[in-house]
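Here is entry39.tsv, consisting of TSV, C-alpha atoms:
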```tsv
chain	number	residue	atom	x	y	z
C	13	MET	CA	2.90	-19.95	17.79
C	14	LYS	CA	5.00	-22.14	20.10
C	15	SER	CA	5.73	-24.60	17.30
C	16	ILE	CA	6.97	-21.80	15.03
C	17	ARG	CA	9.19	-20.45	17.80
C	18	PHE	CA	10.51	-23.96	18.52
C	19	THR	CA	11.19	-24.63	14.83
C	20	LEU	CA	12.97	-21.31	14.41
C	21	THR	CA	15.07	-21.88	17.55
C	22	ALA	CA	15.99	-25.42	16.42
C	23	PHE	CA	16.96	-24.13	12.98
C	24	VAL	CA	19.22	-21.42	14.41
C	25	LEU	CA	20.90	-23.85	16.80
C	26	LEU	CA	21.43	-26.55	14.21
C	27	THR	CA	22.75	-24.26	11.50
C	28	GLY	CA	25.15	-22.73	14.00
C	29	CYS	CA	26.75	-26.13	14.69
C	30	GLN	CA	29.26	-26.61	11.90
C	31	THR	CA	32.05	-29.10	11.64
C	32	GLY	CA	34.59	-26.54	10.62
C	33	SER	CA	35.03	-27.88	7.08
C	34	ASP	CA	33.17	-24.82	5.75
C	35	ILE	CA	35.48	-22.51	7.68
C	36	VAL	CA	38.67	-24.57	7.64
C	37	PRO	CA	39.10	-26.16	4.21
C	38	LEU	CA	40.00	-29.75	3.64
C	39	ILE	CA	43.04	-30.21	1.45
C	40	THR	CA	42.72	-31.76	-2.01
C	41	ALA	CA	45.16	-34.33	-3.35
C	42	GLU	CA	46.31	-31.77	-5.92
C	43	ALA	CA	46.97	-29.21	-3.18
C	44	ALA	CA	48.93	-31.79	-1.18
C	45	ARG	CA	51.07	-32.61	-4.23
C	46	HIS	CA	51.67	-28.92	-4.90
C	47	SER	CA	52.76	-28.29	-1.30
C	48	GLY	CA	55.31	-31.08	-1.13
C	49	GLN	CA	53.76	-32.20	2.17
C	50	SER	CA	52.29	-35.63	2.77
C	51	ALA	CA	48.52	-35.91	2.79
C	52	SER	CA	48.65	-37.43	6.29
C	53	THR	CA	50.65	-34.47	7.64
C	54	LEU	CA	48.15	-32.02	6.16
C	55	ARG	CA	45.17	-33.96	7.55
C	56	GLU	CA	46.81	-34.03	10.98
C	57	GLY	CA	47.62	-30.32	10.75
C	58	ARG	CA	44.03	-29.46	9.90
C	59	PHE	CA	42.72	-31.67	12.69
C	60	LEU	CA	45.03	-30.04	15.25
C	61	PHE	CA	44.31	-26.55	13.91
C	62	VAL	CA	40.59	-27.08	14.35
C	63	ARG	CA	40.71	-28.96	17.67
C	64	ARG	CA	43.58	-27.37	19.57
C	65	CYS	CA	43.61	-23.73	18.49
C	66	ILE	CA	39.94	-23.29	19.28
C	67	GLU	CA	40.62	-24.25	22.91
C	68	CYS	CA	42.05	-20.77	23.55
C	69	HIS	CA	40.61	-18.50	20.86
C	70	ALA	CA	38.49	-18.29	17.73
C	71	LEU	CA	40.10	-19.86	14.71
C	72	PRO	CA	42.20	-17.33	12.85
C	73	VAL	CA	41.57	-16.63	9.21
C	74	VAL	CA	44.64	-18.12	7.54
C	75	SER	CA	44.68	-15.58	4.72
C	76	HIS	CA	44.95	-12.67	7.17
C	77	ARG	CA	48.61	-13.53	7.82
C	78	ARG	CA	51.51	-14.09	5.46
C	79	ALA	CA	52.75	-17.65	5.04
C	80	GLU	CA	56.10	-16.55	6.49
C	81	ASP	CA	54.38	-15.39	9.71
C	82	TRP	CA	52.76	-18.71	10.59
C	83	PRO	CA	55.80	-20.56	12.01
C	84	ASP	CA	56.34	-17.79	14.59
C	85	ILE	CA	52.62	-17.57	15.36
C	86	VAL	CA	52.37	-21.32	15.99
C	87	ALA	CA	55.63	-21.36	17.97
C	88	SER	CA	54.40	-18.57	20.24
C	89	MET	CA	51.29	-20.56	21.14
C	90	SER	CA	52.71	-24.10	21.20
C	91	ALA	CA	53.56	-24.15	24.91
C	92	ARG	CA	50.14	-22.86	25.95
C	93	ALA	CA	48.45	-25.40	23.64
C	94	ASP	CA	50.78	-28.14	24.91
C	95	LEU	CA	51.75	-29.05	21.35
C	96	LYS	CA	54.53	-31.48	20.65
C	97	PRO	CA	57.04	-30.23	18.05
C	98	ALA	CA	55.64	-32.59	15.39
C	99	GLU	CA	52.11	-31.31	16.07
C	100	GLY	CA	53.22	-27.70	15.67
C	101	ASP	CA	54.99	-28.65	12.45
C	102	ALA	CA	51.82	-30.29	11.12
C	103	ILE	CA	49.75	-27.18	11.89
C	104	ILE	CA	52.34	-25.00	10.17
C	105	ALA	CA	52.36	-27.32	7.13
C	106	TYR	CA	48.56	-27.09	6.89
C	107	VAL	CA	48.22	-23.31	7.22
C	108	VAL	CA	51.22	-22.54	5.01
C	109	THR	CA	49.85	-24.90	2.36
C	110	LEU	CA	46.49	-23.09	2.45
C	111	ARG	CA	48.18	-19.72	2.31
C	112	ARG	CA	50.48	-20.55	-0.60
C	113	LEU	CA	48.05	-22.36	-2.86
C	114	PRO	CA	47.66	-20.83	-6.29
C	115	GLN	CA	44.10	-19.66	-6.86
C	116	ARG	CA	43.61	-22.27	-9.59
C	117	ILE	CA	43.97	-25.07	-7.01
C	118	SER	CA	40.95	-25.54	-4.79
C	119	PRO	CA	41.71	-26.66	-1.22
C	120	ILE	CA	38.17	-27.70	-0.36
C	121	ARG	CA	37.87	-31.32	-1.43
C	122	ARG	CA	39.04	-34.21	0.71
C	123	VAL	CA	42.57	-35.58	0.30
C	124	GLN	CA	42.67	-38.94	-1.46
C	125	GLN	CA	43.30	-41.67	1.10
```
Let's see the structure in the file written out as structure tokens.
Amino acid sequence: MKSIRFTLTAFVLLTGCQTGSDIVPLITAEAARHSGQSASTLREGRFLFVRRCIECHALPVVSHRRAEDWPDIVASMSARADLKPAEGDAIIAYVVTLRRLPQRISPIRRVQQ
């Protein structure tokens, strides 16, 4: 009985530890080209979105806000998150790219290096 309880507990703990790529999509090369942003800016924006925003709150669902809203949202939190202007710009580039992607372009594969 103890081994079943241990196995179940381990399973729940391990499946709860996600990297964020399931929740926060990686950007494809096609999506980067469509956005007009550099792949490195989008990678940096995703990294900062995942690492810095979570310090104060749960990650927001990007699609719950309009693309036009994101610059003001990021600006309002930049001081608290101690973001440099370029870091805020990278986050905005990432979330706006996700928000504006046509449905035919999948954002979930890794950007070509």
field: Asp81 (chain C) environment, 10 Å, only C-alpha atoms, sequence neighbours closer than 5 positions dropped, as a ChimeraX atom specification
entry: /C:86,104,108
- prompt: Quick one, how far is CA of Leu60 (chain C) from CA of Ala93 (chain C)?
  reply: 10.2 Å
- request: Give the answer as one residue: which of C:Leu54, C:Val62, C:Leu110, C:Ala98 has the shortest atom-to-atom distance to His76 (chain C), using all atoms listed in the file?
  value: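 Between C:Leu54, C:Val62, C:Leu110, C:Ala98, the residue approaching His76 (chain C) most closely is C:Leu110.
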field: Residue nearest Ala87 (chain C) - candidates C:Gly57, C:Gly48, C:Gly100, C:Pro72, atoms counted: all atoms listed in the file
entry: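 For Ala87 (chain C), the nearest of the given residues is C:Gly100.
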query: In terms of the shortest atom-to-atom distance over all atoms listed in the file, which of C:Ile66, C:Leu38, C:Val74, C:Ala105 is closest to Ser50 (chain C)?
result: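 The closest residue to Ser50 (chain C) is C:Ala105.
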- prompt: Quick one: of C:Ala51, C:Val107, C:Cys65, C:Ala41, who's nearest to Leu95 (chain C), counting all atoms listed in the file?
  reply: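 Once distances to Leu95 (chain C) are computed over all atoms listed in the file, the minimum belongs to C:Cys65.
If you look at CA of Ala70 (chain C) and CA of Met89 (chain C), they are 13.4 Å away from each other.
Distance annotation: of C:Cys68, C:Leu113, C:Ala44, C:Ile39, the residue with the minimal separation from Asp94 (chain C) is C:Cys68; atom set is only C-alpha atoms.
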field: Selected residue of minimal separation from Ala79 (chain C) among C:Arg45, C:Thr40, C:Glu56, C:Arg111, counting only C-alpha atoms
entry: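 Closest to Ala79 (chain C), using only C-alpha atoms: C:Arg111.
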N, CA and C atoms for region 41-72 of chain C, written as a PDB file, in the coordinates of the input, could you do that?
```
ATOM      1  N   ALA C  41      43.948 -33.585  -2.983  1.00  0.00           N
ATOM      2  CA  ALA C  41      45.160 -34.330  -3.350  1.00  0.00           C
ATOM      3  C   ALA C  41      46.075 -33.450  -4.181  1.00  0.00           C
ATOM      4  N   GLU C  42      45.508 -32.656  -5.088  1.00  0.00           N
ATOM      5  CA  GLU C  42      46.310 -31.770  -5.920  1.00  0.00           C
ATOM      6  C   GLU C  42      47.035 -30.724  -5.063  1.00  0.00           C
ATOM      7  N   ALA C  43      46.345 -30.191  -4.070  1.00  0.00           N
ATOM      8  CA  ALA C  43      46.970 -29.210  -3.180  1.00  0.00           C
ATOM      9  C   ALA C  43      48.086 -29.851  -2.374  1.00  0.00           C
ATOM     10  N   ALA C  44      47.888 -31.081  -1.929  1.00  0.00           N
ATOM     11  CA  ALA C  44      48.930 -31.790  -1.180  1.00  0.00           C
ATOM     12  C   ALA C  44      50.158 -31.996  -2.064  1.00  0.00           C
ATOM     13  N   ARG C  45      49.942 -32.412  -3.306  1.00  0.00           N
ATOM     14  CA  ARG C  45      51.070 -32.610  -4.230  1.00  0.00           C
ATOM     15  C   ARG C  45      51.808 -31.289  -4.467  1.00  0.00           C
ATOM     16  N   HIS C  46      51.071 -30.220  -4.643  1.00  0.00           N
ATOM     17  CA  HIS C  46      51.670 -28.920  -4.900  1.00  0.00           C
ATOM     18  C   HIS C  46      52.500 -28.441  -3.706  1.00  0.00           C
ATOM     19  N   SER C  47      52.079 -28.779  -2.503  1.00  0.00           N
ATOM     20  CA  SER C  47      52.760 -28.290  -1.300  1.00  0.00           C
ATOM     21  C   SER C  47      54.050 -29.029  -0.994  1.00  0.00           C
ATOM     22  N   GLY C  48      54.151 -30.263  -1.478  1.00  0.00           N
ATOM     23  CA  GLY C  48      55.310 -31.080  -1.130  1.00  0.00           C
ATOM     24  C   GLY C  48      55.166 -31.754   0.225  1.00  0.00           C
ATOM     25  N   GLN C  49      54.041 -31.574   0.872  1.00  0.00           N
ATOM     26  CA  GLN C  49      53.760 -32.200   2.170  1.00  0.00           C
ATOM     27  C   GLN C  49      52.973 -33.486   1.945  1.00  0.00           C
ATOM     28  N   SER C  50      53.085 -34.414   2.888  1.00  0.00           N
ATOM     29  CA  SER C  50      52.290 -35.630   2.770  1.00  0.00           C
ATOM     30  C   SER C  50      50.835 -35.327   3.111  1.00  0.00           C
ATOM     31  N   ALA C  51      49.948 -36.081   2.507  1.00  0.00           N
ATOM     32  CA  ALA C  51      48.520 -35.910   2.790  1.00  0.00           C
ATOM     33  C   ALA C  51      48.230 -36.161   4.260  1.00  0.00           C
ATOM     34  N   SER C  52      48.903 -37.132   4.877  1.00  0.00           N
ATOM     35  CA  SER C  52      48.650 -37.430   6.290  1.00  0.00           C
ATOM     36  C   SER C  52      49.094 -36.279   7.189  1.00  0.00           C
ATOM     37  N   THR C  53      50.205 -35.629   6.857  1.00  0.00           N
ATOM     38  CA  THR C  53      50.650 -34.470   7.640  1.00  0.00           C
ATOM     39  C   THR C  53      49.643 -33.343   7.541  1.00  0.00           C
ATOM     40  N   LEU C  54      49.124 -33.100   6.347  1.00  0.00           N
ATOM     41  CA  LEU C  54      48.150 -32.020   6.160  1.00  0.00           C
ATOM     42  C   LEU C  54      46.829 -32.327   6.860  1.00  0.00           C
ATOM     43  N   ARG C  55      46.398 -33.583   6.820  1.00  0.00           N
ATOM     44  CA  ARG C  55      45.170 -33.960   7.550  1.00  0.00           C
ATOM     45  C   ARG C  55      45.363 -33.755   9.043  1.00  0.00           C
ATOM     46  N   GLU C  56      46.514 -34.195   9.557  1.00  0.00           N
ATOM     47  CA  GLU C  56      46.810 -34.030  10.980  1.00  0.00           C
ATOM     48  C   GLU C  56      46.895 -32.548  11.347  1.00  0.00           C
ATOM     49  N   GLY C  57      47.527 -31.756  10.501  1.00  0.00           N
ATOM     50  CA  GLY C  57      47.620 -30.320  10.750  1.00  0.00           C
ATOM     51  C   GLY C  57      46.270 -29.651  10.798  1.00  0.00           C
ATOM     52  N   ARG C  58      45.386 -30.021   9.885  1.00  0.00           N
ATOM     53  CA  ARG C  58      44.030 -29.460   9.900  1.00  0.00           C
ATOM     54  C   ARG C  58      43.292 -29.876  11.150  1.00  0.00           C
ATOM     55  N   PHE C  59      43.389 -31.171  11.492  1.00  0.00           N
ATOM     56  CA  PHE C  59      42.720 -31.670  12.690  1.00  0.00           C
ATOM     57  C   PHE C  59      43.182 -30.899  13.925  1.00  0.00           C
ATOM     58  N   LEU C  60      44.492 -30.744  14.086  1.00  0.00           N
ATOM     59  CA  LEU C  60      45.030 -30.040  15.250  1.00  0.00           C
ATOM     60  C   LEU C  60      44.655 -28.561  15.225  1.00  0.00           C
ATOM     61  N   PHE C  61      44.695 -27.945  14.051  1.00  0.00           N
ATOM     62  CA  PHE C  61      44.310 -26.550  13.910  1.00  0.00           C
ATOM     63  C   PHE C  61      42.878 -26.338  14.404  1.00  0.00           C
ATOM     64  N   VAL C  62      41.992 -27.206  13.971  1.00  0.00           N
ATOM     65  CA  VAL C  62      40.590 -27.080  14.350  1.00  0.00           C
ATOM     66  C   VAL C  62      40.390 -27.409  15.833  1.00  0.00           C
ATOM     67  N   ARG C  63      40.974 -28.481  16.304  1.00  0.00           N
ATOM     68  CA  ARG C  63      40.710 -28.960  17.670  1.00  0.00           C
ATOM     69  C   ARG C  63      41.488 -28.221  18.750  1.00  0.00           C
ATOM     70  N   ARG C  64      42.729 -27.916  18.514  1.00  0.00           N
ATOM     71  CA  ARG C  64      43.580 -27.370  19.570  1.00  0.00           C
ATOM     72  C   ARG C  64      43.556 -25.845  19.632  1.00  0.00           C
ATOM     73  N   CYS C  65      43.568 -25.197  18.483  1.00  0.00           N
ATOM     74  CA  CYS C  65      43.610 -23.730  18.490  1.00  0.00           C
ATOM     75  C   CYS C  65      42.333 -23.137  19.071  1.00  0.00           C
ATOM     76  N   ILE C  66      41.226 -23.785  18.816  1.00  0.00           N
ATOM     77  CA  ILE C  66      39.940 -23.290  19.280  1.00  0.00           C
ATOM     78  C   ILE C  66      39.802 -23.381  20.802  1.00  0.00           C
ATOM     79  N   GLU C  67      40.670 -24.141  21.449  1.00  0.00           N
ATOM     80  CA  GLU C  67      40.620 -24.250  22.910  1.00  0.00           C
ATOM     81  C   GLU C  67      40.893 -22.913  23.587  1.00  0.00           C
ATOM     82  N   CYS C  68      41.683 -22.049  22.942  1.00  0.00           N
ATOM     83  CA  CYS C  68      42.050 -20.770  23.550  1.00  0.00           C
ATOM     84  C   CYS C  68      41.420 -19.552  22.868  1.00  0.00           C
ATOM     85  N   HIS C  69      41.098 -19.662  21.598  1.00  0.00           N
ATOM     86  CA  HIS C  69      40.610 -18.500  20.860  1.00  0.00           C
ATOM     87  C   HIS C  69      39.845 -18.948  19.619  1.00  0.00           C
ATOM     88  N   ALA C  70      39.166 -18.000  18.996  1.00  0.00           N
ATOM     89  CA  ALA C  70      38.490 -18.290  17.730  1.00  0.00           C
ATOM     90  C   ALA C  70      39.544 -18.647  16.686  1.00  0.00           C
ATOM     91  N   LEU C  71      39.152 -19.482  15.757  1.00  0.00           N
ATOM     92  CA  LEU C  71      40.100 -19.860  14.710  1.00  0.00           C
ATOM     93  C   LEU C  71      40.482 -18.647  13.874  1.00  0.00           C
ATOM     94  N   PRO C  72      41.768 -18.464  13.669  1.00  0.00           N
ATOM     95  CA  PRO C  72      42.200 -17.330  12.850  1.00  0.00           C
ATOM     96  C   PRO C  72      41.903 -17.584  11.376  1.00  0.00           C
TER      97      PRO C  72
END
```
